[in-house]
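Heads up, model.cif below (mmCIF, C-alpha atoms and all ligand atoms):
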```cif
data_entry
loop_
_atom_site.label_atom_id
_atom_site.label_comp_id
_atom_site.auth_asym_id
_atom_site.auth_seq_id
_atom_site.Cartn_x
_atom_site.Cartn_y
_atom_site.Cartn_z
CA MET A 1 23.41 -1.77 19.63
CA ARG A 2 25.62 -4.80 18.93
CA PRO A 3 24.09 -7.08 16.27
CA ARG A 4 24.02 -10.09 18.63
CA THR A 5 22.16 -8.15 21.34
CA ARG A 6 19.78 -6.84 18.77
CA VAL A 7 19.00 -10.30 17.42
CA ILE A 8 18.30 -11.64 20.93
CA LEU A 9 16.07 -8.67 21.67
CA MET A 10 14.26 -9.06 18.38
CA LEU A 11 13.67 -12.71 19.05
CA ALA A 12 12.35 -12.06 22.55
CA CYS A 13 10.16 -9.34 21.18
CA PHE A 14 8.91 -11.51 18.33
CA LEU A 15 8.09 -14.43 20.61
CA SER A 16 6.39 -12.28 23.23
CA GLY A 17 4.12 -10.71 20.62
CA LEU A 18 4.31 -7.37 22.41
CA ALA A 19 3.16 -4.39 20.38
CA THR A 20 5.41 -2.09 22.39
CA CYS A 21 8.78 -3.61 21.45
CA GLY A 22 10.42 -0.42 20.18
CA GLY A 23 12.86 -0.88 17.36
CA ALA A 24 11.43 -4.30 16.46
CA TYR A 25 12.14 -3.57 12.90
CA ALA A 26 12.94 -5.64 9.89
CA ALA A 27 15.23 -3.08 8.31
CA ASP A 28 17.66 -3.07 11.24
CA ALA A 29 17.65 -6.70 12.16
CA LEU A 30 16.73 -8.43 8.91
CA LEU A 31 14.44 -10.62 11.00
CA PRO A 32 10.68 -10.68 10.58
CA ALA A 33 9.31 -7.76 12.55
CA HIS A 34 5.66 -7.85 13.47
CA SER A 35 2.64 -5.65 12.98
CA TYR A 36 2.56 -3.05 15.77
CA ASN A 37 -1.18 -3.60 16.23
CA GLY A 38 -1.56 -7.10 14.84
CA LEU A 39 -3.35 -5.77 11.74
CA ALA A 40 -2.71 -5.77 7.98
CA LEU A 41 -0.72 -9.01 8.05
CA THR A 42 -1.11 -8.96 4.29
CA PRO A 43 -1.22 -5.73 2.25
CA PRO A 44 -4.62 -3.99 2.44
CA MET A 45 -6.88 -4.32 -0.62
CA GLY A 46 -9.86 -2.21 -1.56
CA PHE A 47 -10.75 1.19 -2.99
CA ASN A 48 -9.66 4.80 -2.53
CA ASN A 49 -11.25 7.57 -4.56
CA TRP A 50 -8.33 10.00 -4.82
CA ALA A 51 -6.39 8.98 -7.95
CA HIS A 52 -9.52 8.95 -10.11
CA TYR A 53 -11.97 11.34 -8.43
CA GLU A 54 -9.85 13.65 -6.25
CA CYS A 55 -12.33 16.03 -4.55
CA LYS A 56 -15.29 14.97 -6.73
CA LEU A 57 -16.73 12.72 -4.08
CA ASN A 58 -19.97 12.19 -2.21
CA GLU A 59 -21.85 9.57 -0.22
CA ARG A 60 -23.29 8.05 -3.40
CA LEU A 61 -19.80 7.27 -4.74
CA PHE A 62 -18.94 5.17 -1.70
CA VAL A 63 -22.33 3.45 -1.53
CA ASP A 64 -22.09 2.60 -5.25
CA THR A 65 -18.50 1.46 -4.87
CA ALA A 66 -19.37 -0.80 -1.95
CA ASN A 67 -22.22 -2.30 -3.97
CA ALA A 68 -20.00 -2.73 -7.03
CA LEU A 69 -17.18 -4.39 -5.08
CA VAL A 70 -19.71 -6.99 -4.02
CA SER A 71 -21.52 -7.41 -7.36
CA THR A 72 -18.30 -7.71 -9.40
CA GLY A 73 -16.95 -10.40 -7.05
CA LEU A 74 -13.96 -8.20 -6.13
CA ALA A 75 -14.96 -8.12 -2.45
CA LYS A 76 -14.74 -11.91 -2.31
CA LEU A 77 -11.23 -11.74 -3.76
CA GLY A 78 -10.09 -9.55 -0.85
CA TYR A 79 -10.87 -5.97 -1.92
CA ARG A 80 -12.62 -4.96 1.24
CA TYR A 81 -11.55 -1.47 2.33
CA VAL A 82 -13.71 1.37 1.03
CA ASN A 83 -11.59 4.43 1.76
CA ILE A 84 -12.61 8.08 1.57
CA ASP A 85 -9.79 10.51 0.80
CA ASP A 86 -9.47 14.28 1.34
CA CYS A 87 -12.35 16.79 0.84
CA TRP A 88 -14.93 14.96 2.93
CA MET A 89 -15.20 17.56 5.67
CA GLU A 90 -16.23 21.10 6.41
CA MET A 91 -13.45 23.67 6.49
CA GLN A 92 -14.11 24.46 10.18
CA ARG A 93 -14.48 22.26 13.23
CA SER A 94 -17.71 22.43 15.24
CA PRO A 95 -17.84 24.74 18.29
CA ALA A 96 -16.95 21.66 20.36
CA GLY A 97 -13.85 21.17 18.21
CA GLU A 98 -15.17 18.16 16.32
CA LEU A 99 -14.57 17.34 12.68
CA VAL A 100 -17.72 17.84 10.64
CA PRO A 101 -18.47 15.90 7.43
CA ASN A 102 -19.67 18.16 4.62
CA PRO A 103 -23.47 17.82 4.92
CA GLN A 104 -24.09 18.42 1.21
CA LEU A 105 -21.72 15.63 0.24
CA PHE A 106 -22.52 13.24 3.08
CA PRO A 107 -26.14 13.98 4.04
CA HIS A 108 -26.51 10.89 6.22
CA GLY A 109 -23.23 11.45 8.04
CA MET A 110 -20.25 9.16 8.46
CA GLN A 111 -21.68 6.75 11.00
CA TRP A 112 -24.46 5.92 8.57
CA LEU A 113 -21.97 5.43 5.74
CA GLY A 114 -19.78 3.23 7.94
CA GLU A 115 -22.79 1.11 8.81
CA TYR A 116 -23.74 0.82 5.16
CA ILE A 117 -20.24 -0.29 4.17
CA HIS A 118 -20.14 -2.77 7.07
CA SER A 119 -23.56 -4.14 6.08
CA LYS A 120 -21.94 -5.24 2.79
CA GLY A 121 -19.26 -7.13 4.69
CA LEU A 122 -16.67 -4.43 3.88
CA LYS A 123 -14.43 -2.13 5.89
CA PHE A 124 -14.57 1.64 6.18
CA GLY A 125 -11.55 3.90 5.72
CA ILE A 126 -11.10 7.65 6.10
CA TYR A 127 -8.44 10.31 5.42
CA GLU A 128 -6.94 12.93 7.70
CA ASP A 129 -3.68 14.79 8.13
CA ALA A 130 -1.27 14.83 11.06
CA GLY A 131 -0.48 18.52 10.60
CA TYR A 132 -2.51 21.71 10.87
CA MET A 133 -4.46 21.11 7.66
CA THR A 134 -5.07 18.41 5.10
CA CYS A 135 -3.46 18.95 1.70
CA GLN A 136 -6.76 20.50 0.55
CA LYS A 137 -6.76 22.80 3.61
CA ALA A 138 -9.48 21.13 5.70
CA PRO A 139 -8.73 20.96 9.45
CA GLY A 140 -5.83 18.64 10.35
CA MET A 141 -5.58 16.50 13.48
CA TYR A 142 -2.75 18.36 15.16
CA GLY A 143 -3.94 19.45 18.63
CA HIS A 144 -7.05 17.24 18.37
CA ILE A 145 -5.57 13.78 18.15
CA GLU A 146 -7.46 12.04 20.97
CA GLN A 147 -10.72 13.74 20.07
CA ASP A 148 -10.53 12.87 16.37
CA VAL A 149 -9.59 9.26 16.99
CA LYS A 150 -12.64 8.98 19.26
CA THR A 151 -14.77 10.50 16.52
CA PHE A 152 -13.45 8.03 13.94
CA ALA A 153 -14.03 5.10 16.28
CA SER A 154 -17.62 6.30 16.89
CA TRP A 155 -18.16 6.29 13.12
CA GLY A 156 -16.93 2.72 12.83
CA VAL A 157 -13.70 3.57 11.00
CA ASP A 158 -11.41 0.58 10.27
CA TYR A 159 -8.58 2.31 8.38
CA LEU A 160 -7.00 5.74 8.73
CA LYS A 161 -4.85 7.27 5.98
CA LEU A 162 -2.94 10.04 7.71
CA ASP A 163 -1.26 12.53 5.41
CA TYR A 164 1.48 15.00 6.35
CA CYS A 165 0.77 18.35 4.70
CA TYR A 166 1.28 21.45 6.87
CA ALA A 167 3.46 19.63 9.38
CA PRO A 168 3.69 21.24 12.83
CA GLU A 169 7.47 21.66 12.68
CA ASP A 170 7.38 25.10 14.32
CA LYS A 171 6.09 23.45 17.51
CA TYR A 172 9.27 21.36 17.88
CA PRO A 173 12.28 23.65 17.64
CA GLY A 174 15.53 21.69 17.38
CA LYS A 175 13.86 18.56 16.04
CA ASP A 176 14.35 17.56 12.42
CA PHE A 177 11.74 16.33 9.93
CA SER A 178 11.92 12.70 11.00
CA GLN A 179 11.83 13.45 14.73
CA VAL A 180 8.76 15.68 14.48
CA ALA A 181 6.96 13.16 12.30
CA GLN A 182 7.85 10.40 14.75
CA VAL A 183 6.37 12.31 17.69
CA VAL A 184 3.14 13.12 15.91
CA TYR A 185 2.57 9.77 14.21
CA SER A 186 3.44 7.87 17.40
CA GLU A 187 0.82 9.86 19.25
CA VAL A 188 -1.86 9.00 16.71
CA SER A 189 -0.71 5.39 16.61
CA ALA A 190 -1.03 5.10 20.39
CA ALA A 191 -4.47 6.75 20.32
CA LEU A 192 -5.61 4.26 17.65
CA LEU A 193 -4.45 1.36 19.82
CA LYS A 194 -6.63 2.67 22.64
CA SER A 195 -9.60 3.42 20.43
CA GLY A 196 -11.41 0.15 21.05
CA ARG A 197 -11.43 -0.62 17.31
CA ASP A 198 -9.01 -2.38 15.01
CA ILE A 199 -7.86 0.50 12.83
CA VAL A 200 -5.24 -0.04 10.12
CA PHE A 201 -2.83 2.90 10.10
CA SER A 202 -1.58 4.23 6.75
CA CYS A 203 1.13 6.90 7.02
CA SER A 204 2.72 9.39 4.64
CA PRO A 205 6.02 10.84 5.98
CA PRO A 206 8.40 8.82 3.73
CA ALA A 207 6.70 10.27 0.64
CA TYR A 208 7.52 13.77 1.90
CA VAL A 209 11.25 13.02 1.92
CA PHE A 210 11.23 10.98 -1.27
CA GLY A 211 14.47 11.73 -3.14
CA LYS A 212 16.31 12.79 0.06
CA PRO A 213 18.17 9.60 1.03
CA LYS A 214 19.32 10.71 4.51
CA GLU A 215 15.92 11.93 5.72
CA PHE A 216 14.19 9.01 4.04
CA ALA A 217 16.41 6.50 5.87
CA GLU A 218 15.74 8.26 9.17
CA VAL A 219 11.99 8.02 8.75
CA MET A 220 12.23 4.38 7.68
CA ARG A 221 13.96 3.53 10.95
CA TRP A 222 10.82 4.06 13.03
CA ILE A 223 7.86 3.95 10.64
CA GLY A 224 7.33 0.18 10.89
CA SER A 225 6.87 0.26 14.65
CA VAL A 226 4.14 2.92 14.39
CA CYS A 227 2.28 2.32 11.10
CA ASN A 228 0.93 -0.58 9.03
CA LEU A 229 1.80 0.91 5.65
CA TRP A 230 3.46 4.03 4.39
CA ARG A 231 3.51 5.92 1.13
CA THR A 232 6.94 5.90 -0.46
CA ASP A 233 6.51 7.98 -3.62
CA ASP A 234 4.81 10.94 -5.23
CA ASP A 235 1.11 10.82 -6.02
CA ILE A 236 0.36 8.40 -8.80
CA TYR A 237 -1.53 9.56 -11.89
CA ASP A 238 -3.05 7.81 -14.84
CA ALA A 239 0.00 7.53 -17.08
CA TRP A 240 2.72 4.95 -17.69
CA LYS A 241 5.41 7.48 -16.71
CA SER A 242 3.91 7.80 -13.26
CA VAL A 243 3.57 4.04 -12.75
CA VAL A 244 7.23 3.52 -13.72
CA ALA A 245 8.35 6.37 -11.44
CA ASN A 246 6.50 4.90 -8.45
CA TYR A 247 7.81 1.43 -9.24
CA GLU A 248 11.38 2.77 -9.37
CA GLY A 249 10.87 4.58 -6.07
CA ASN A 250 9.47 1.53 -4.31
CA VAL A 251 11.32 -1.43 -5.75
CA GLY A 252 14.50 -0.98 -3.76
CA LEU A 253 12.74 -0.95 -0.39
CA ALA A 254 12.22 -4.68 0.18
CA LYS A 255 14.19 -4.69 3.44
CA TYR A 256 11.59 -2.46 5.08
CA ALA A 257 8.53 -4.62 4.34
CA PHE A 258 7.15 -7.25 6.68
CA PRO A 259 3.72 -8.69 7.57
CA GLY A 260 1.93 -5.68 9.05
CA GLY A 261 4.35 -3.08 7.64
CA TRP A 262 4.18 -2.38 3.90
CA ASN A 263 5.75 -0.02 1.39
CA ASP A 264 2.83 1.66 -0.36
CA ALA A 265 3.53 2.56 -4.01
CA ASP A 266 0.12 4.33 -4.17
CA MET A 267 -3.17 3.44 -5.85
CA LEU A 268 -3.86 1.21 -8.84
CA GLU A 269 -4.77 2.94 -12.10
CA VAL A 270 -6.32 -0.23 -13.55
CA GLY A 271 -9.65 0.62 -15.19
CA ASN A 272 -8.71 4.23 -16.01
CA PRO A 273 -8.29 5.53 -19.59
CA GLY A 274 -4.67 6.75 -19.51
CA MET A 275 -2.90 3.43 -20.03
CA THR A 276 -3.17 0.43 -22.33
CA LEU A 277 -4.36 -2.87 -20.89
CA THR A 278 -0.79 -4.18 -21.09
CA GLU A 279 0.39 -1.25 -19.00
CA GLN A 280 -2.42 -1.72 -16.50
CA GLN A 281 -1.61 -5.40 -16.22
CA SER A 282 2.03 -4.49 -15.68
CA GLN A 283 1.17 -2.15 -12.84
CA PHE A 284 -0.89 -4.86 -11.21
CA SER A 285 1.90 -7.45 -11.55
CA LEU A 286 4.57 -5.10 -10.23
CA TRP A 287 2.46 -3.97 -7.26
CA ALA A 288 1.85 -7.61 -6.39
CA MET A 289 5.57 -8.39 -6.58
CA MET A 290 6.28 -5.38 -4.34
CA ALA A 291 3.64 -6.46 -1.79
CA SER A 292 2.10 -3.02 -2.18
CA PRO A 293 -1.49 -2.38 -1.06
CA LEU A 294 -3.96 -3.00 -3.90
CA LEU A 295 -6.28 0.00 -3.75
CA ILE A 296 -8.44 0.42 -6.85
CA SER A 297 -9.22 3.99 -7.86
CA THR A 298 -11.74 3.96 -10.68
CA ASP A 299 -15.48 3.60 -11.29
CA VAL A 300 -15.76 0.02 -10.09
CA ALA A 301 -19.29 -0.45 -11.47
CA LYS A 302 -18.06 0.52 -14.96
CA LEU A 303 -14.94 -1.63 -15.09
CA SER A 304 -14.55 -3.19 -18.54
CA PRO A 305 -14.44 -7.00 -18.57
CA ALA A 306 -10.73 -6.77 -19.46
CA ALA A 307 -9.87 -4.47 -16.54
CA LEU A 308 -11.98 -6.55 -14.17
CA LYS A 309 -10.10 -9.62 -15.33
CA ILE A 310 -6.79 -7.98 -14.43
CA LEU A 311 -7.98 -7.05 -10.94
CA SER A 312 -9.50 -10.51 -10.45
CA ASN A 313 -6.41 -12.59 -11.25
CA LYS A 314 -6.34 -14.80 -8.17
CA ASP A 315 -2.82 -16.04 -8.80
CA VAL A 316 -1.37 -12.54 -8.96
CA ILE A 317 -3.41 -11.45 -5.93
CA ALA A 318 -1.99 -14.46 -4.08
CA ILE A 319 1.55 -13.19 -4.74
CA ASP A 320 0.65 -9.80 -3.25
CA GLN A 321 -1.08 -11.43 -0.31
CA ASP A 322 1.51 -14.10 0.38
CA THR A 323 1.79 -14.60 4.12
CA LEU A 324 5.58 -14.57 4.22
CA GLY A 325 5.27 -10.88 3.39
CA ARG A 326 8.60 -10.50 1.58
CA GLN A 327 8.67 -7.76 -1.03
CA ALA A 328 10.48 -8.61 -4.29
CA SER A 329 13.88 -7.21 -5.19
CA ILE A 330 15.58 -6.74 -8.54
CA MET A 331 18.00 -9.68 -8.87
CA LYS A 332 19.38 -8.79 -12.27
CA GLN A 333 18.91 -6.29 -15.08
CA ILE A 334 19.37 -7.25 -18.71
CA GLY A 335 19.08 -4.23 -20.96
CA GLN A 336 15.68 -2.72 -20.33
CA VAL A 337 14.43 -5.78 -18.44
CA ASP A 338 14.31 -5.98 -14.65
CA ILE A 339 14.24 -9.47 -13.19
CA LEU A 340 12.46 -9.50 -9.86
CA SER A 341 12.08 -12.31 -7.42
CA ARG A 342 10.48 -12.89 -4.02
CA PRO A 343 10.25 -15.94 -1.82
CA LEU A 344 6.76 -17.07 -0.91
CA ALA A 345 5.45 -19.10 1.98
CA ASN A 346 5.94 -22.87 1.52
CA GLY A 347 9.25 -22.59 -0.31
CA VAL A 348 7.92 -21.43 -3.66
CA HIS A 349 9.19 -18.27 -5.41
CA ALA A 350 7.58 -15.62 -7.58
CA VAL A 351 9.57 -14.24 -10.49
CA ALA A 352 8.71 -11.33 -12.75
CA LEU A 353 10.40 -10.15 -15.91
CA PHE A 354 9.59 -6.49 -16.50
CA ASN A 355 10.39 -5.00 -19.89
CA LYS A 356 10.51 -1.24 -19.35
CA GLY A 357 11.57 -0.66 -22.94
CA GLU A 358 9.67 0.28 -26.07
CA HIS A 359 10.45 -2.94 -27.98
CA ALA A 360 9.77 -6.60 -27.31
CA GLU A 361 12.72 -8.37 -25.66
CA LYS A 362 13.78 -12.00 -25.71
CA ILE A 363 15.15 -12.84 -22.31
CA SER A 364 16.86 -15.87 -20.83
CA VAL A 365 17.79 -15.89 -17.20
CA ASN A 366 19.52 -18.54 -15.15
CA VAL A 367 17.62 -19.70 -12.04
CA ILE A 368 20.84 -19.21 -10.06
CA ALA A 369 20.66 -15.50 -10.82
CA ILE A 370 17.33 -15.33 -9.03
CA GLY A 371 18.69 -17.05 -5.98
CA LEU A 372 17.65 -20.66 -6.67
CA PRO A 373 19.91 -23.72 -6.69
CA PRO A 374 20.26 -25.63 -9.96
CA GLY A 375 17.57 -28.27 -10.38
CA ARG A 376 14.29 -29.02 -12.11
CA TYR A 377 11.60 -26.39 -11.80
CA ARG A 378 7.95 -26.06 -12.63
CA LEU A 379 7.12 -22.63 -14.06
CA GLU A 380 3.57 -21.37 -13.98
CA ASN A 381 2.84 -18.24 -15.99
CA LEU A 382 0.26 -16.37 -13.91
CA TRP A 383 -1.31 -14.52 -16.84
CA SER A 384 -1.34 -17.12 -19.62
CA LYS A 385 -1.67 -20.00 -17.10
CA GLN A 386 0.83 -21.97 -19.18
CA VAL A 387 2.86 -24.47 -17.21
CA SER A 388 6.32 -25.58 -18.27
CA GLU A 389 9.34 -27.29 -16.81
CA THR A 390 12.90 -26.09 -16.90
CA ARG A 391 16.31 -27.19 -15.67
CA LEU A 392 18.29 -23.99 -15.60
CA MET A 393 16.91 -21.17 -17.70
CA ILE A 394 13.76 -19.11 -17.67
CA SER A 395 13.19 -17.83 -21.18
CA ALA A 396 10.47 -15.56 -22.46
CA GLU A 397 9.66 -12.99 -25.08
CA ILE A 398 8.24 -9.96 -23.31
CA PRO A 399 6.37 -7.26 -25.22
CA ALA A 400 7.19 -3.59 -24.63
CA ARG A 401 6.06 -2.31 -21.20
CA ALA A 402 4.88 -5.78 -20.25
CA VAL A 403 5.53 -8.03 -17.25
CA ALA A 404 5.74 -11.82 -17.34
CA ILE A 405 5.06 -13.17 -13.88
CA TYR A 406 5.57 -16.77 -12.73
CA ARG A 407 5.33 -19.00 -9.74
CA ILE A 408 8.37 -21.24 -9.73
CA SER A 409 8.65 -24.39 -7.65
CA ALA A 410 11.18 -27.19 -7.42
CA VAL A 411 10.20 -30.54 -8.97
CA HIS A 412 11.30 -33.41 -6.74
C1 LIG L 501 -1.75 13.91 -1.10
C2 LIG L 501 -1.78 12.40 -1.05
C3 LIG L 501 -2.85 11.92 -1.97
C4 LIG L 501 -4.17 12.49 -1.52
C5 LIG L 501 -4.09 14.02 -1.44
C6 LIG L 501 -5.34 14.63 -0.85
O1 LIG L 501 -0.75 14.39 -0.26
O2 LIG L 501 -0.52 11.89 -1.43
O3 LIG L 501 -2.88 10.51 -2.00
O4 LIG L 501 -4.48 11.95 -0.26
O5 LIG L 501 -3.00 14.42 -0.67
O6 LIG L 501 -5.28 15.99 -0.71
#
```
Would it be possible to restate this file's structure as structure tokens?
Amino acid sequence: MRPRTRVILMLACFLSGLATCGGAYAADALLPAHSYNGLALTPPMGFNNWAHYECKLNERLFVDTANALVSTGLAKLGYRYVNIDDCWMEMQRSPAGELVPNPQLFPHGMQWLGEYIHSKGLKFGIYEDAGYMTCQKAPGMYGHIEQDVKTFASWGVDYLKLDYCYAPEDKYPGKDFSQVAQVVYSEVSAALLKSGRDIVFSCSPPAYVFGKPKEFAEVMRWIGSVCNLWRTDDDIYDAWKSVVANYEGNVGLAKYAFPGGWNDADMLEVGNPGMTLTEQQSQFSLWAMMASPLLISTDVAKLSPAALKILSNKDVIAIDQDTLGRQASIMKQIGQVDILSRPLANGVHAVALFNKGEHAEKISVNVIAIGLPPGRYRLENLWSKQVSETRLMISAEIPARAVAIYRISAVH
């Protein structure tokens, strides 16, 4: 398509607000695309058990988590999805072909749990897989898409994380990875639109071609018109190495993000024992700069005051949740320090200086390097809350593995 035609089409599509405008996609047109279902206009926030609990889950965990999100004040700050990951169901469907929650783990069933979560003012999320089986070998949705979406809607589900283990590639001879995934995820996406509920759709195919640039680019061409967010990296685990790897995998993908379509760098490890508080704070800052979903995966009721303080930083949350929905990019690298910047709604910018190295670094960066014209600027450090003014340079000493994050606005 010629660029001019594409821009006109995009504009018509954008103005009409139609969910069916195929190809209405930020990556191609560099124009704001829109959420295919009108949902997740800012990155989803909440809880998912997987990173911390994996298959050690039961009804109690989600009831306690819902209660703790409310009692800690996190719910009020926007953490509202309570998402169940793999291992929630029986290994066989019912004789009628329905998915069956494991009755030992979920004795009251999923509708009850959904109602409980809703009664706390929160939203209910669940996990499935678009292939034959989930990654833990429970029944997948392939061949049961309409039926399963109806089941989820009847349980009051508000968010579906749809994984892509055991993909049904043998059913589509001649189609490549991206084409098969597109068929299957589009089918689920359409069924969700007809479900009668607002269901945020979290998808996984890009993560399955992570490290394969050609396939990855193919998947990224269509994913934003079918899903609200998509995993981009390997599974995160509670170690600095993993956080850096997922950051590196996600940070170059800004052109694909838009309000209602987010690059998902995976769950937060804040609150878990494997990283220092500095490292946890760095993950939180970087995820906010990358407009990644903020899904806590820890024992929320047992969060230390320090970890709770990280998760409750309203200024950093506001960067993640900024309504312009522009993911940060690396503007410059000085030694081990990445300098990231993203424009925010109302003309302000967010800037982060990330020291990946093992020693403190003194950094000075010119505002021009981060895309701002010369002038007077007000710099607000979002962790220390210190406010300063500068003409040209942003200077800071950044400890090892730390992130300094600022809101920067012109002084008139
Ligand atoms: C992985 C996925 C994890 C978790 C797990 C469950 O593929 O990336 O986040 O959902 O499956 O089996």
Neighbouring residues of ligand LIG 501 (chain L) are defined here as those with any atom at most 9 Å from a ligand atom, counting all atoms listed in the file; list them as an MDAnalysis selection string. chainID A and resid 48 50:51 54:55 85:87 127:129 134:137 161:165 204 207:208 231 233:236 266:267
Residue neighbourhood Ile339 of chain A, 12 Å, only C-alpha atoms, exclusion window fewer than 5 positions, as a ChimeraX atom specification: /A:251,286,289,328-334,350-356,363-367,369-371,394-396,398,403-406
Measuring between all atoms listed in the file, which one of A:Asp338, A:Asp158, A:Glu169, A:Ser178 shows the shortest distance to Tyr247 of chain A? A:Asp338
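Rounded to one decimal, atom CA of Gly121 of chain A and atom CA of Glu146 of chain A lie 27.8 Å from each other.
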Calculate how many Å separate atom CA of Ala245 of chain A from atom CA of Met393 of chain A, rounding to one decimal.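 These two atoms are separated by 29.5 Å.
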Atom CA of Thr42 of chain A to atom CA of Trp230 of chain A: how many Å, to one decimal? 13.8 Å
Can you work out which one of A:Lys150, A:Lys76, A:His34, A:Arg376 has the shortest atom-to-atom distance to Ser195 of chain A, counting all atoms listed in the file?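 The answer is A:Lys150, which sits nearest to Ser195 of chain A.
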For segment 111-126 of chain A, I'd like the enclosing box, axis-aligned and padded by 6 Å on every side, reported as lines of an AutoDock Vina configuration file with centre and edge lengths in Å to one decimal.
```
center_x = -17.8
center_y = 0.3
center_z = 6.9
size_x = 25.4
size_y = 26.8
size_z = 20.2
```
Selected residue of minimal separation from Gly131 of chain A among A:Gly271, A:Pro95, A:Pro168, A:Pro101, counting all atoms listed in the file: A:Pro168
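Shortest separation to Ala360 of chain A among A:Arg326, A:Arg221, A:Lys385, A:Glu397 occurs at residue A:Glu397, atoms counted being all atoms listed in the file.
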Please write segment 395-407 of chain A of the preceding block to a file containing N, CA, C and O atoms, as a PDB file, in the first residue's frame?
```pdb
ATOM      1  N   SER A 395      22.042  15.913  34.848  1.00  0.00           N
ATOM      2  CA  SER A 395      23.216  15.261  35.432  1.00  0.00           C
ATOM      3  C   SER A 395      22.789  14.467  36.663  1.00  0.00           C
ATOM      4  O   SER A 395      21.961  14.932  37.445  1.00  0.00           O
ATOM      5  N   ALA A 396      23.367  13.306  36.818  1.00  0.00           N
ATOM      6  CA  ALA A 396      23.029  12.488  37.987  1.00  0.00           C
ATOM      7  C   ALA A 396      24.128  11.485  38.252  1.00  0.00           C
ATOM      8  O   ALA A 396      24.857  11.101  37.326  1.00  0.00           O
ATOM      9  N   GLU A 397      24.212  11.075  39.516  1.00  0.00           N
ATOM     10  CA  GLU A 397      25.068   9.932  39.831  1.00  0.00           C
ATOM     11  C   GLU A 397      24.132   8.747  40.079  1.00  0.00           C
ATOM     12  O   GLU A 397      23.252   8.823  40.944  1.00  0.00           O
ATOM     13  N   ILE A 398      24.331   7.701  39.303  1.00  0.00           N
ATOM     14  CA  ILE A 398      23.382   6.575  39.379  1.00  0.00           C
ATOM     15  C   ILE A 398      24.099   5.347  39.914  1.00  0.00           C
ATOM     16  O   ILE A 398      25.080   4.882  39.314  1.00  0.00           O
ATOM     17  N   PRO A 399      23.634   4.817  41.044  1.00  0.00           N
ATOM     18  CA  PRO A 399      24.267   3.610  41.594  1.00  0.00           C
ATOM     19  C   PRO A 399      24.178   2.430  40.616  1.00  0.00           C
ATOM     20  O   PRO A 399      23.386   2.457  39.681  1.00  0.00           O
ATOM     21  N   ALA A 400      24.978   1.409  40.858  1.00  0.00           N
ATOM     22  CA  ALA A 400      24.946   0.202  40.031  1.00  0.00           C
ATOM     23  C   ALA A 400      23.525  -0.368  39.981  1.00  0.00           C
ATOM     24  O   ALA A 400      22.822  -0.372  40.993  1.00  0.00           O
ATOM     25  N   ARG A 401      23.097  -0.783  38.815  1.00  0.00           N
ATOM     26  CA  ARG A 401      21.807  -1.464  38.612  1.00  0.00           C
ATOM     27  C   ARG A 401      20.608  -0.596  38.997  1.00  0.00           C
ATOM     28  O   ARG A 401      19.529  -1.127  39.282  1.00  0.00           O
ATOM     29  N   ALA A 402      20.829   0.703  39.037  1.00  0.00           N
ATOM     30  CA  ALA A 402      19.735   1.585  39.463  1.00  0.00           C
ATOM     31  C   ALA A 402      19.189   2.380  38.280  1.00  0.00           C
ATOM     32  O   ALA A 402      19.816   2.464  37.222  1.00  0.00           O
ATOM     33  N   VAL A 403      18.004   2.935  38.469  1.00  0.00           N
ATOM     34  CA  VAL A 403      17.361   3.777  37.460  1.00  0.00           C
ATOM     35  C   VAL A 403      16.985   5.104  38.123  1.00  0.00           C
ATOM     36  O   VAL A 403      16.341   5.113  39.173  1.00  0.00           O
ATOM     37  N   ALA A 404      17.406   6.196  37.513  1.00  0.00           N
ATOM     38  CA  ALA A 404      16.874   7.515  37.924  1.00  0.00           C
ATOM     39  C   ALA A 404      15.776   7.848  36.925  1.00  0.00           C
ATOM     40  O   ALA A 404      15.973   7.716  35.723  1.00  0.00           O
ATOM     41  N   ILE A 405      14.641   8.238  37.437  1.00  0.00           N
ATOM     42  CA  ILE A 405      13.506   8.498  36.535  1.00  0.00           C
ATOM     43  C   ILE A 405      12.920   9.877  36.856  1.00  0.00           C
ATOM     44  O   ILE A 405      12.734  10.226  38.028  1.00  0.00           O
ATOM     45  N   TYR A 406      12.689  10.650  35.803  1.00  0.00           N
ATOM     46  CA  TYR A 406      12.260  12.058  35.974  1.00  0.00           C
ATOM     47  C   TYR A 406      11.059  12.362  35.097  1.00  0.00           C
ATOM     48  O   TYR A 406      10.893  11.798  34.025  1.00  0.00           O
ATOM     49  N   ARG A 407      10.296  13.341  35.560  1.00  0.00           N
ATOM     50  CA  ARG A 407       9.362  14.023  34.661  1.00  0.00           C
ATOM     51  C   ARG A 407      10.030  15.358  34.317  1.00  0.00           C
ATOM     52  O   ARG A 407      10.503  16.054  35.197  1.00  0.00           O
TER      53      ARG A 407
END
```
